[in-house]
Amino acid sequence: MAVENRRLGALMFLPAVAYIVLLIGVPFVLAMMYAFSDARIGSGASLHFVGLDNFRSILQSPSFRAALRNSIVFTVVAQIIVIICSTILSIALEKPFRGRKFLRFLILLPWVAPISLGAIGWKWILDSIYSVITWVLIWLHFYKPYGAPMWLGEPHLAMASVILVHCWRLIPFSTVIMLAGLTAIPKEIPEAAAIDGAGFWRTLFQINIPMMAPIISVAVLFGTIFTFTDMTVVYILTAGGPFDSTQTLPSLAFAVGIQGSDLAAGAATSLFLVPALVLIAYFMLRAAHRAEVV
Amino acid sequence: MPRLTLRKFGARALHVSVLLIFTVLLAFPFYWMLIATFKQNIDLYTVENNPFIFNLPPTLDHLKLLFFETRYVRWLGNTALVGVIVVAITLVLSLPAAYALARLTGRWGQRIGIAIFLTYLVPSTLLFIPLSRVVAVLGLQDTIWSVVLVYPSFTVPFSIWLLMGFFKSIPAELEDAAMVDGLTRFGAFVKLVIPISTSGILTVVIFTFTLVTQEFVYALTFISPESQQMVGVGIPIFLVRGDVYFWGSLMAACLITSVPIALLYNMFLDRFIAGFTVGAIK
């Protein structure tokens, strides 16, 4: 019976596993092979290997260095902001109140709407001439008419804009994940603390937040992946400019590999995502393992 | 006592203002899309005008342009078609796989399940370069079939993960009883387990469909003709002519496309979150 079950089981999951291997496993290996070859768009099916040439040349490229630095900076800064904001927001949303469902829908919009469309919405908000932010700042007399900076045209402001849009998209996601974690905390514990005389802040910092730690780490792990591997926000807002100041590894890989036809250099660039992914996978496995043991 | 009520009032004011500030900041771009959708061009493009109000009467011009003079409707159709096909492929692959891993394969199933979940972490921005070549070799470039082929690679892993949790919550005695009554194991899966799993299946359908509409990188890489676009690429890339942005129509398209997807997603939100947080919450 057990053997029969196992045979049927193998038969039932084999198609899915084959599909995953063919469309994730094989391309993953291909990406590594391309990185050591001189493949270009239109260069035919056979690969010609060139050793570490691609890595040597991209490591010397200023664009790549900017992309590597930006990828790390954007991800880390966005995660810090997202965690602080979504902890606050999830605590504010925890207790039932009238209109909570509707409010949750509005808050979730940035996460559930297609990211390319949200990003183009921001591109309009941050427009060089018709930006609503510019209008408000001029109205408040912070700037003279036509004297305001171009939000996406100056390196530091463009970087801040990309981070802003990532935060805008991820705060809803982290918030609902943390809400799920908050509701899973047994109500008796904070209540007992309140009876023992602990105030709101003390309960928050000594009971709720520590008990939320595992769920916060889940939100951080997913958030890190979503920011680090994203190219949509950068591609639509700034296309990596001005002067590569918002270039990230994925957007550079696209610019070099697809738009520039240099598949090999593009693949080598995107391979630099892998160490971070391996690290995240490790932490996820640890979390899964811990949950199983408990 | 007055001090206590004052404190209570303060806490309430803080609570309300936190909610208000976040809601306004997060929902603002969508409100902004709504305003731009109905504004006349002269109103949109006059720097001195207060952008928050209609300085000139609202207009339907942007909607007319969007629906009658661009390929927007075609992109919606392409996306819906791809969505339906990808949903079908996803269900065919992930239903049996999830059942097998939940019920039939024991400890191995658990491990393979986790391995499958980890593949969900491999991003499109790592695979799009080799896949662009695979798509070209198969002759699928510039057609929607390229994304039909590739999209299940990210919908299947997450669907298997969601359905595994779902199947595990069905009492095994149900199938045992059905098998005593003469059904084979596979028969019990098809005739008993699938019919009682409608809500799990529906969750996968909605999740897959929203992922298809949200995807950007593969569609951008594989498809270049305007008529073959998916909605997520067509709007931000092809509603721009040269350097001219048709902001009114662009914002209308963003809003009209986003809101239905958001409504659908919202209905099934709690289940998706359960999929993300398996393990971290007991």
# chains A, B, ... in the order shown; residues from 1 in each chain; ligands from 1

call {"tool": "residues_around", "arguments": {"residues": "range 138-141 of chain A", "least_positions_apart": "6", "cutoff": "10 Å", "atoms": "only C-alpha atoms", "output": "PyMOL selection string"}}
result
(chain A and resi 132+147-148) or (chain B and resi 48+50)

call {"tool": "residues_around", "arguments": {"residues": "Leu239 in chain B", "least_positions_apart": "2", "cutoff": "12 Å", "atoms": "only C-alpha atoms", "output": "MDAnalysis selection string"}}
result
(chainID A and resid 117 120) or (chainID B and resid 62 65:67 69:72 75 226 229 231:237 241:254)

call {"tool": "closest_residue", "arguments": {"among": "B:Asp61, B:Pro195, B:Leu81, B:Lys168", "to": "Gly106 in chain B", "atoms": "only C-alpha atoms"}}
result
B:Lys168

call {"tool": "closest_residue", "arguments": {"among": "A:His156, A:Lys187, A:Arg56, A:Arg7", "to": "chain B", "atoms": "only C-alpha atoms"}}
result
A:Arg7

call {"tool": "residues_around", "arguments": {"residues": "range 262-267 of chain A", "least_positions_apart": "5", "cutoff": "9 Å", "atoms": "only C-alpha atoms", "output": "list of chain:residue names"}}
result
A:Leu30, A:Ala31, A:Met32, A:Met33, A:Tyr34, A:Ala35, A:Phe36, A:Ser37, A:Asp38, A:Ala39, A:Arg40, A:Ile41, A:Asn54, A:Phe55, A:Ser57, A:Ile58, A:Pro250, A:Leu252, A:Ala253, A:Phe254, A:Ala255, A:Val256, A:Gly257, B:Leu126, B:Leu127, B:Phe128, B:Ile129, B:Pro130

call {"tool": "write_last_selection", "arguments": {"atoms": "C-alpha atoms", "output": "JSON list (two decimals), in the first residue's frame"}}
result
[["chain", "number", "residue", "atom", "x", "y", "z"],
["A", 30, "LEU", "CA", 21.87, 28.56, -18.72],
["A", 31, "ALA", "CA", 22.24, 31.95, -17.01],
["A", 32, "MET", "CA", 25.43, 30.72, -15.36],
["A", 33, "MET", "CA", 26.74, 29.30, -18.65],
["A", 34, "TYR", "CA", 25.98, 32.54, -20.50],
["A", 35, "ALA", "CA", 27.89, 34.48, -17.88],
["A", 36, "PHE", "CA", 31.04, 32.58, -18.86],
["A", 37, "SER", "CA", 30.43, 32.82, -22.61],
["A", 38, "ASP", "CA", 30.22, 35.52, -25.26],
["A", 39, "ALA", "CA", 26.54, 34.93, -26.12],
["A", 40, "ARG", "CA", 24.78, 37.80, -27.87],
["A", 41, "ILE", "CA", 21.29, 38.14, -29.27],
["A", 54, "ASN", "CA", 32.58, 39.05, -18.51],
["A", 55, "PHE", "CA", 33.08, 39.35, -14.78],
["A", 57, "SER", "CA", 34.85, 43.70, -17.56],
["A", 58, "ILE", "CA", 31.65, 44.32, -15.58],
["A", 250, "PRO", "CA", 18.19, 43.88, -12.55],
["A", 252, "LEU", "CA", 21.34, 47.07, -15.65],
["A", 253, "ALA", "CA", 21.04, 43.40, -16.65],
["A", 254, "PHE", "CA", 18.06, 44.34, -18.81],
["A", 255, "ALA", "CA", 19.77, 47.38, -20.30],
["A", 256, "VAL", "CA", 22.93, 45.43, -21.15],
["A", 257, "GLY", "CA", 21.54, 41.98, -21.88],
["B", 126, "LEU", "CA", 17.56, 36.31, -13.11],
["B", 127, "LEU", "CA", 15.87, 34.06, -15.67],
["B", 128, "PHE", "CA", 14.69, 36.48, -18.33],
["B", 129, "ILE", "CA", 17.95, 36.51, -20.29],
["B", 130, "PRO", "CA", 18.24, 32.74, -20.88]]

call {"tool": "closest_atom_pairs", "arguments": {"of": "chain A", "to": "chain B", "cutoff": "7 Å", "atoms": "only C-alpha atoms", "output": "tab-separated table"}}
result
residue	atom	partner	partner_atom	distance
A:Asn5	CA	B:Leu104	CA	5.4
A:Arg6	CA	B:Thr105	CA	5.3
A:Gly9	CA	B:Ala100	CA	4.5
A:Met12	CA	B:Pro96	CA	5.1
A:Phe13	CA	B:Ala97	CA	3.8
A:Pro15	CA	B:Leu93	CA	6.3
A:Ala16	CA	B:Leu93	CA	5.0
A:Ile20	CA	B:Ser153	CA	5.9
A:Leu23	CA	B:Ser153	CA	6.0
A:Ile24	CA	B:Ser153	CA	6.7
A:Pro27	CA	B:Pro130	CA	5.5
A:Phe28	CA	B:Leu127	CA	6.1
A:Leu30	CA	B:Pro130	CA	5.9
A:Ala31	CA	B:Pro130	CA	5.6
A:Leu89	CA	B:Leu19	CA	6.9
A:Ala92	CA	B:His15	CA	6.0
A:Phe105	CA	B:Asn266	CA	6.7
A:Leu106	CA	B:Ala27	CA	5.8
A:Ile107	CA	B:Thr23	CA	5.5
A:Leu109	CA	B:Ala262	CA	6.2
A:Pro110	CA	B:Leu26	CA	6.6
A:Val112	CA	B:Ala262	CA	5.1
A:Ala113	CA	B:Ser258	CA	4.7
A:Pro114	CA	B:Gln214	CA	4.2
A:Ile115	CA	B:Gln214	CA	6.4
A:Ser116	CA	B:Gly232	CA	6.1
A:Leu117	CA	B:Cys254	CA	5.3
A:Ile120	CA	B:Pro236	CA	6.3
A:Gly121	CA	B:Pro29	CA	5.9
A:Trp122	CA	B:Pro29	CA	6.6
A:Tyr130	CA	B:Val47	CA	6.1
A:Val132	CA	B:Pro51	CA	6.6
A:Trp168	CA	B:Leu26	CA	6.3
A:Ile177	CA	B:Ile273	CA	6.2
A:Gly181	CA	B:Ile281	CA	6.4
A:Ala184	CA	B:Ile281	CA	6.8
A:Pro214	CA	B:Ala280	CA	5.8
A:Ile215	CA	B:Ala280	CA	5.7
A:Val218	CA	B:Thr277	CA	6.9
A:Thr229	CA	B:Thr125	CA	6.3
A:Thr232	CA	B:Phe216	CA	6.8
A:Pro250	CA	B:Thr125	CA	5.6
A:Gly257	CA	B:Ile129	CA	6.7
A:Leu263	CA	B:Ile129	CA	6.4
A:Ala267	CA	B:Ile129	CA	6.4
A:Ser270	CA	B:Leu126	CA	5.4
A:Leu271	CA	B:Leu126	CA	6.8
A:Ala281	CA	B:Leu118	CA	6.6
A:Ala287	CA	B:Ala280	CA	6.8
A:Ala288	CA	B:Gly279	CA	5.2
A:Ala291	CA	B:Gly279	CA	4.9

call {"tool": "write_last_selection", "arguments": {"atoms": "N, CA and C atoms", "output": "short mmCIF file (atom, residue, chain, number, x, y, z; two decimals), in the first residue's frame"}}
result
data_model
loop_
_atom_site.label_atom_id
_atom_site.label_comp_id
_atom_site.auth_asym_id
_atom_site.auth_seq_id
_atom_site.Cartn_x
_atom_site.Cartn_y
_atom_site.Cartn_z
N ASN A 5 1.18 3.89 -2.91
CA ASN A 5 0.93 5.31 -2.67
C ASN A 5 2.07 6.16 -3.19
N ARG A 6 3.29 5.70 -2.87
CA ARG A 6 4.45 6.51 -3.24
C ARG A 6 4.59 6.58 -4.75
N GLY A 9 1.97 8.89 -5.98
CA GLY A 9 2.39 10.24 -5.58
C GLY A 9 3.42 10.78 -6.54
N MET A 12 1.96 11.78 -9.73
CA MET A 12 1.12 12.97 -9.66
C MET A 12 1.94 14.26 -9.56
N PHE A 13 3.10 14.19 -8.91
CA PHE A 13 3.85 15.46 -8.84
C PHE A 13 4.92 15.60 -9.91
N PRO A 15 4.75 15.81 -13.30
CA PRO A 15 4.57 16.86 -14.32
C PRO A 15 4.94 18.24 -13.80
N ALA A 16 4.48 18.56 -12.59
CA ALA A 16 4.77 19.89 -12.04
C ALA A 16 6.27 20.06 -11.83
N ILE A 20 8.81 22.78 -13.54
CA ILE A 20 9.63 23.70 -12.75
C ILE A 20 11.11 23.55 -13.11
N LEU A 23 11.68 25.10 -16.63
CA LEU A 23 11.52 26.55 -16.79
C LEU A 23 12.18 27.39 -15.70
N ILE A 24 12.66 26.75 -14.63
CA ILE A 24 13.43 27.50 -13.64
C ILE A 24 14.84 26.93 -13.54
N PRO A 27 16.91 27.26 -17.12
CA PRO A 27 17.33 28.64 -17.38
C PRO A 27 18.34 29.14 -16.36
N PHE A 28 18.20 28.69 -15.12
CA PHE A 28 19.15 29.11 -14.09
C PHE A 28 20.56 28.65 -14.46
N LEU A 30 21.51 27.82 -17.50
CA LEU A 30 21.87 28.56 -18.72
C LEU A 30 22.42 29.95 -18.39
N ALA A 31 21.78 30.61 -17.39
CA ALA A 31 22.24 31.95 -17.01
C ALA A 31 23.70 31.89 -16.58
N LEU A 89 1.42 50.75 11.52
CA LEU A 89 0.13 50.65 10.83
C LEU A 89 -0.63 49.39 11.24
N ALA A 92 -2.21 49.88 14.54
CA ALA A 92 -3.36 50.78 14.44
C ALA A 92 -4.56 50.07 13.82
N PHE A 105 -8.86 47.97 2.33
CA PHE A 105 -8.84 47.91 0.88
C PHE A 105 -8.01 49.06 0.30
N LEU A 106 -8.26 50.27 0.82
CA LEU A 106 -7.51 51.44 0.32
C LEU A 106 -6.02 51.29 0.60
N ILE A 107 -5.71 50.82 1.80
CA ILE A 107 -4.31 50.69 2.19
C ILE A 107 -3.62 49.63 1.33
N LEU A 109 -4.25 48.87 -1.81
CA LEU A 109 -4.19 49.16 -3.25
C LEU A 109 -2.78 49.13 -3.85
N PRO A 110 -1.80 49.78 -3.21
CA PRO A 110 -0.47 49.79 -3.83
C PRO A 110 0.09 48.39 -4.04
N VAL A 112 -1.73 45.45 -4.44
CA VAL A 112 -2.49 44.58 -5.33
C VAL A 112 -2.57 45.12 -6.75
N ALA A 113 -2.42 46.42 -6.93
CA ALA A 113 -2.44 46.96 -8.29
C ALA A 113 -1.16 46.54 -9.00
N PRO A 114 -1.22 46.31 -10.32
CA PRO A 114 0.01 45.97 -11.04
C PRO A 114 1.09 47.03 -10.80
N ILE A 115 2.29 46.57 -10.49
CA ILE A 115 3.36 47.49 -10.08
C ILE A 115 3.73 48.46 -11.20
N SER A 116 3.66 47.99 -12.45
CA SER A 116 4.05 48.90 -13.53
C SER A 116 3.07 50.07 -13.60
N LEU A 117 1.80 49.84 -13.26
CA LEU A 117 0.81 50.90 -13.32
C LEU A 117 0.95 51.84 -12.13
N ILE A 120 3.86 54.12 -12.92
CA ILE A 120 3.59 55.18 -13.88
C ILE A 120 2.73 56.27 -13.23
N GLY A 121 1.88 55.87 -12.28
CA GLY A 121 1.14 56.87 -11.49
C GLY A 121 2.09 57.79 -10.75
N TRP A 122 3.12 57.20 -10.15
CA TRP A 122 4.12 58.00 -9.45
C TRP A 122 4.91 58.88 -10.42
N TYR A 130 4.67 69.20 -14.12
CA TYR A 130 3.30 69.23 -13.59
C TYR A 130 3.16 68.49 -12.26
N VAL A 132 2.47 67.42 -8.68
CA VAL A 132 1.61 67.99 -7.64
C VAL A 132 2.45 68.39 -6.42
N TRP A 168 6.21 52.50 -0.70
CA TRP A 168 4.77 52.66 -0.94
C TRP A 168 4.16 51.31 -1.31
N ILE A 177 0.79 41.09 6.52
CA ILE A 177 1.51 39.95 7.10
C ILE A 177 1.61 40.12 8.61
N GLY A 181 0.14 38.10 11.99
CA GLY A 181 0.94 37.72 13.14
C GLY A 181 0.36 38.26 14.44
N ALA A 184 -2.52 36.39 15.76
CA ALA A 184 -2.17 35.06 16.25
C ALA A 184 -1.61 35.10 17.68
N PRO A 214 9.00 36.68 14.78
CA PRO A 214 9.05 35.73 13.66
C PRO A 214 8.30 36.24 12.43
N ILE A 215 7.15 36.87 12.66
CA ILE A 215 6.36 37.32 11.52
C ILE A 215 7.02 38.53 10.87
N VAL A 218 9.54 37.24 8.51
CA VAL A 218 8.95 36.78 7.24
C VAL A 218 8.72 37.97 6.31
N THR A 229 15.21 42.24 -6.24
CA THR A 229 15.14 41.65 -7.58
C THR A 229 14.24 42.44 -8.52
N THR A 232 11.06 46.73 -12.28
CA THR A 232 9.94 47.48 -12.85
C THR A 232 9.93 48.93 -12.39
N PRO A 250 19.14 44.36 -11.53
CA PRO A 250 18.19 43.88 -12.55
C PRO A 250 18.01 44.86 -13.70
N GLY A 257 21.79 43.29 -21.30
CA GLY A 257 21.54 41.98 -21.88
C GLY A 257 20.50 42.00 -22.98
N LEU A 263 23.93 39.32 -24.15
CA LEU A 263 23.34 38.36 -23.22
C LEU A 263 24.33 37.95 -22.14
N ALA A 267 23.70 38.39 -18.25
CA ALA A 267 23.58 37.23 -17.36
C ALA A 267 24.57 37.34 -16.21
N SER A 270 23.18 39.79 -13.67
CA SER A 270 22.07 39.32 -12.83
C SER A 270 22.52 38.20 -11.89
N LEU A 271 23.62 37.53 -12.20
CA LEU A 271 24.10 36.49 -11.29
C LEU A 271 24.49 37.06 -9.93
N ALA A 281 17.09 32.32 1.21
CA ALA A 281 16.59 30.95 1.21
C ALA A 281 17.01 30.24 2.50
N ALA A 287 13.53 29.24 9.31
CA ALA A 287 12.22 29.58 9.88
C ALA A 287 11.27 28.40 9.74
N ALA A 288 11.26 27.78 8.54
CA ALA A 288 10.36 26.64 8.31
C ALA A 288 10.71 25.49 9.24
N ALA A 291 9.58 26.13 12.79
CA ALA A 291 8.14 26.00 12.95
C ALA A 291 7.74 24.54 13.05
#

call {"tool": "select_by_dssp", "arguments": {"residues": "range 163-258 of chain B", "states": "strand (DSSP E)", "output": "PyMOL selection string"}}
result
chain B and resi 240-241+244-245

call {"tool": "write_last_selection", "arguments": {"atoms": "N, CA and C atoms", "output": "CSV table (one decimal), in the first residue's frame"}}
result
chain,number,residue,atom,x,y,z
B,240,VAL,N,2.8,55.9,-24.5
B,240,VAL,CA,3.7,57.0,-24.7
B,240,VAL,C,4.2,57.1,-26.1
B,241,ARG,N,4.0,58.2,-26.8
B,241,ARG,CA,4.4,58.3,-28.2
B,241,ARG,C,5.7,59.2,-28.2
B,244,VAL,N,6.0,61.9,-25.7
B,244,VAL,CA,4.8,62.5,-25.3
B,244,VAL,C,4.0,61.5,-24.5
B,245,TYR,N,3.7,61.9,-23.3
B,245,TYR,CA,2.9,61.1,-22.4
B,245,TYR,C,1.5,61.6,-22.5

call {"tool": "residues_around", "arguments": {"residues": "Ala66 in chain A", "least_positions_apart": "4", "cutoff": "7 Å", "atoms": "only C-alpha atoms", "output": "list in words"}}
result
Pro62, Asn70, Asp244, Ser245 and Gln247 of chain A

call {"tool": "decode", "arguments": {"residues": "range 174-192 of chain A", "atoms": "C-alpha atoms", "output": "PDB file, in the first residue's frame"}}
result
ATOM      1  CA  SER A 174       4.173  43.902   5.314  1.00  0.00           C
ATOM      2  CA  THR A 175       1.233  45.355   7.177  1.00  0.00           C
ATOM      3  CA  VAL A 176      -1.153  42.539   6.313  1.00  0.00           C
ATOM      4  CA  ILE A 177       1.508  39.951   7.099  1.00  0.00           C
ATOM      5  CA  MET A 178       2.076  41.557  10.491  1.00  0.00           C
ATOM      6  CA  LEU A 179      -1.662  41.821  11.079  1.00  0.00           C
ATOM      7  CA  ALA A 180      -1.852  38.069  10.595  1.00  0.00           C
ATOM      8  CA  GLY A 181       0.941  37.721  13.144  1.00  0.00           C
ATOM      9  CA  LEU A 182      -0.698  40.102  15.613  1.00  0.00           C
ATOM     10  CA  THR A 183      -4.022  38.303  15.571  1.00  0.00           C
ATOM     11  CA  ALA A 184      -2.175  35.060  16.252  1.00  0.00           C
ATOM     12  CA  ILE A 185      -0.817  36.371  19.573  1.00  0.00           C
ATOM     13  CA  PRO A 186      -2.954  34.860  22.342  1.00  0.00           C
ATOM     14  CA  LYS A 187      -5.071  37.696  23.740  1.00  0.00           C
ATOM     15  CA  GLU A 188      -4.507  36.541  27.322  1.00  0.00           C
ATOM     16  CA  ILE A 189      -0.880  37.595  27.356  1.00  0.00           C
ATOM     17  CA  PRO A 190      -1.283  41.336  26.659  1.00  0.00           C
ATOM     18  CA  GLU A 191      -4.411  41.328  28.853  1.00  0.00           C
ATOM     19  CA  ALA A 192      -2.565  39.761  31.758  1.00  0.00           C
TER      20      ALA A 192
END
